[in-house]
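Scroll down for the structure; my scribbles are underneath it.
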Amino acid sequence: MTNINVARLVTPGKPLEVGTAEKPVPGPKDVLVKVAACGFVPNTFNVASGYTPFALPTLPGVFGLDVAGTIEAVGTHVVGLKAGDRVYVDPWHTCETCHQCRRGRTDLCQNGYFRGYMSPTVAGGQWLDQYPLGGLSEYVVAPHTKAARLPESIDLLTASRFGYIGTSFAALLKGNLGPGSTLLVNGVTGTLGVAAVAIALGMGATKVLGVGRNRELLERVRQMAPSRVETVSSEEVTDLVGWARERTGDLGVDMMYDCLGVGGDAEGTNTLIRAIKAGGRAVLVAGGVVGDVGQPYMDVLMNDVHAAGSVWFNAAEIDHMIDMVAAGVIDLSFLEHRTYPLSEVNDALQFVGARPGGFVNVVVVP
């Protein structure tokens, strides 16, 4: 028996406990990954603190969502992956047998859960302990379908952010963003928002408008592409719809991406939907926003503007994104990596909980 170092969530709101666990063995269709990096985003702090309506794994449990590392061993029935492959490990586990999975909508799996984190589905809560080691571990085991190969040009610290970068990527695809499009990002200075700007620029958006509050971070977002990106503080401009329409020749934007942080107000979302041009789309990903989104019946009928939700990404989308990052089409050089050893996991948690902004990539290195 070999022991490995891990960090466990024992009680929500209390410090994680560093200890040991038995090194896992991959099943026939699993891969064993030596973890190089486990990414932290502000919602990591929220979940660990119990600020989530979703089910948690049985506690104490080894915590941690996004993982990048190197495959050390593969199960007997794994084809196409081998020891030594560098991978991003998708933490969204799906059943592959429910109606949604069978029709290709694994993002809507009726039994889905995030390994080492939580489950947004009622049914998924009963499977949270199926793969008990989260990313705050020297090793994780995952189904072979959850290992996305990484080229050497993508470093593993960057890859440990791919869960939330991938979330924005899938959402922009759902909003039909493409070359020549215009995009409005609500919550632009956060983890999802900054990623959305980088992705939209890579997808060929000609204008990206960003709404946030922190003026310093807003200016940093603008500097990502000063000729194509404009930002505004919601605390300084009251008519945000007028501001957006003025910058799009009064047409409105092709897409509005709503990625507010926990505690955001849906009233702002309802307002900004009016900044979308006829035929455009709003895509919502902010799981912690309070309130309802509603539109007048005739607005929907006459303008064909409506809101869609986007929770995560599928295997094809993450591979697509990895190819674009590797080619330099999506430029992630804005990320500033801040690393912590496993022994300082609680310092990392407190730091990311203070919401340092979407340019900082907080990573625990087990």
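Naming works like this for the structure tokens: A, B, ... for the chains as they're shown, residue 1 at the start of each chain, ligands 1 onward in shown order.
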Need the shell around Phe63 of chain A: protein/DNA/RNA residues with any atom at most 9 Å away, counting only C-alpha atoms. Skip same-chain ones fewer than 6 positions apart. Format as a list in words? Val6, Ala7, Arg8, Leu9, Leu16, Ala48, Pro57, Arg115, Gly116, Tyr117, Pro132, Leu133, Gly134, Gly135, Leu136 and Ser137 of chain A
Can you pull out every residue within 6 Å of Asp66 of chain A, counting only C-alpha atoms, but drop anything in the same chain fewer than 3 positions away, and send it as a list in words? Cys38, Gly39 and Ser160 of chain A
Residue contacts of Val329 of chain A (12 Å, only C-alpha atoms) excluding same-chain residues fewer than 5 positions away, as a short mmCIF file (atom, residue, chain, number, x, y, z; two decimals) with C-alpha atoms, in the first residue's frame:
```cif
data_model
loop_
_atom_site.label_atom_id
_atom_site.label_comp_id
_atom_site.auth_asym_id
_atom_site.auth_seq_id
_atom_site.Cartn_x
_atom_site.Cartn_y
_atom_site.Cartn_z
CA ALA A 198 -9.56 36.49 -24.90
CA ILE A 199 -11.68 33.82 -26.59
CA ALA A 200 -13.88 36.33 -28.42
CA LEU A 201 -10.81 38.11 -29.79
CA GLY A 202 -9.51 34.76 -31.02
CA MET A 203 -12.86 33.95 -32.61
CA GLY A 204 -12.70 37.15 -34.63
CA HIS A 320 -11.51 22.40 -30.12
CA MET A 321 -10.46 25.00 -27.57
CA ILE A 322 -7.16 23.24 -26.83
CA ASP A 323 -6.33 23.29 -30.55
CA MET A 324 -7.03 27.02 -30.72
#
```
Spatial neighbours of Gln295 of chain A, 12 Å, only C-alpha atoms, chain gap at least 2 places, as a VMD selection string: chain A and resid 267 269 to 274 282 292 to 293 297 to 307
Output as JSON, numbers by chain all residues of segment 207-334 of chain A that backbone DSSP marks as helix (DSSP H, G or I). {"A": [215, 216, 217, 218, 219, 220, 221, 222, 240, 241, 242, 243, 244, 245, 246, 266, 267, 268, 269, 270, 271, 272, 273, 274, 275, 297, 298, 299, 300, 301, 302, 303, 315, 316, 317, 318, 319, 320, 321, 322, 323, 324, 325, 326]}
One residue among A:Glu138, A:Thr70, A:Thr106, A:Ser153 is nearest to Thr2 of chain A when using only C-alpha atoms, and that residue is A:Glu138
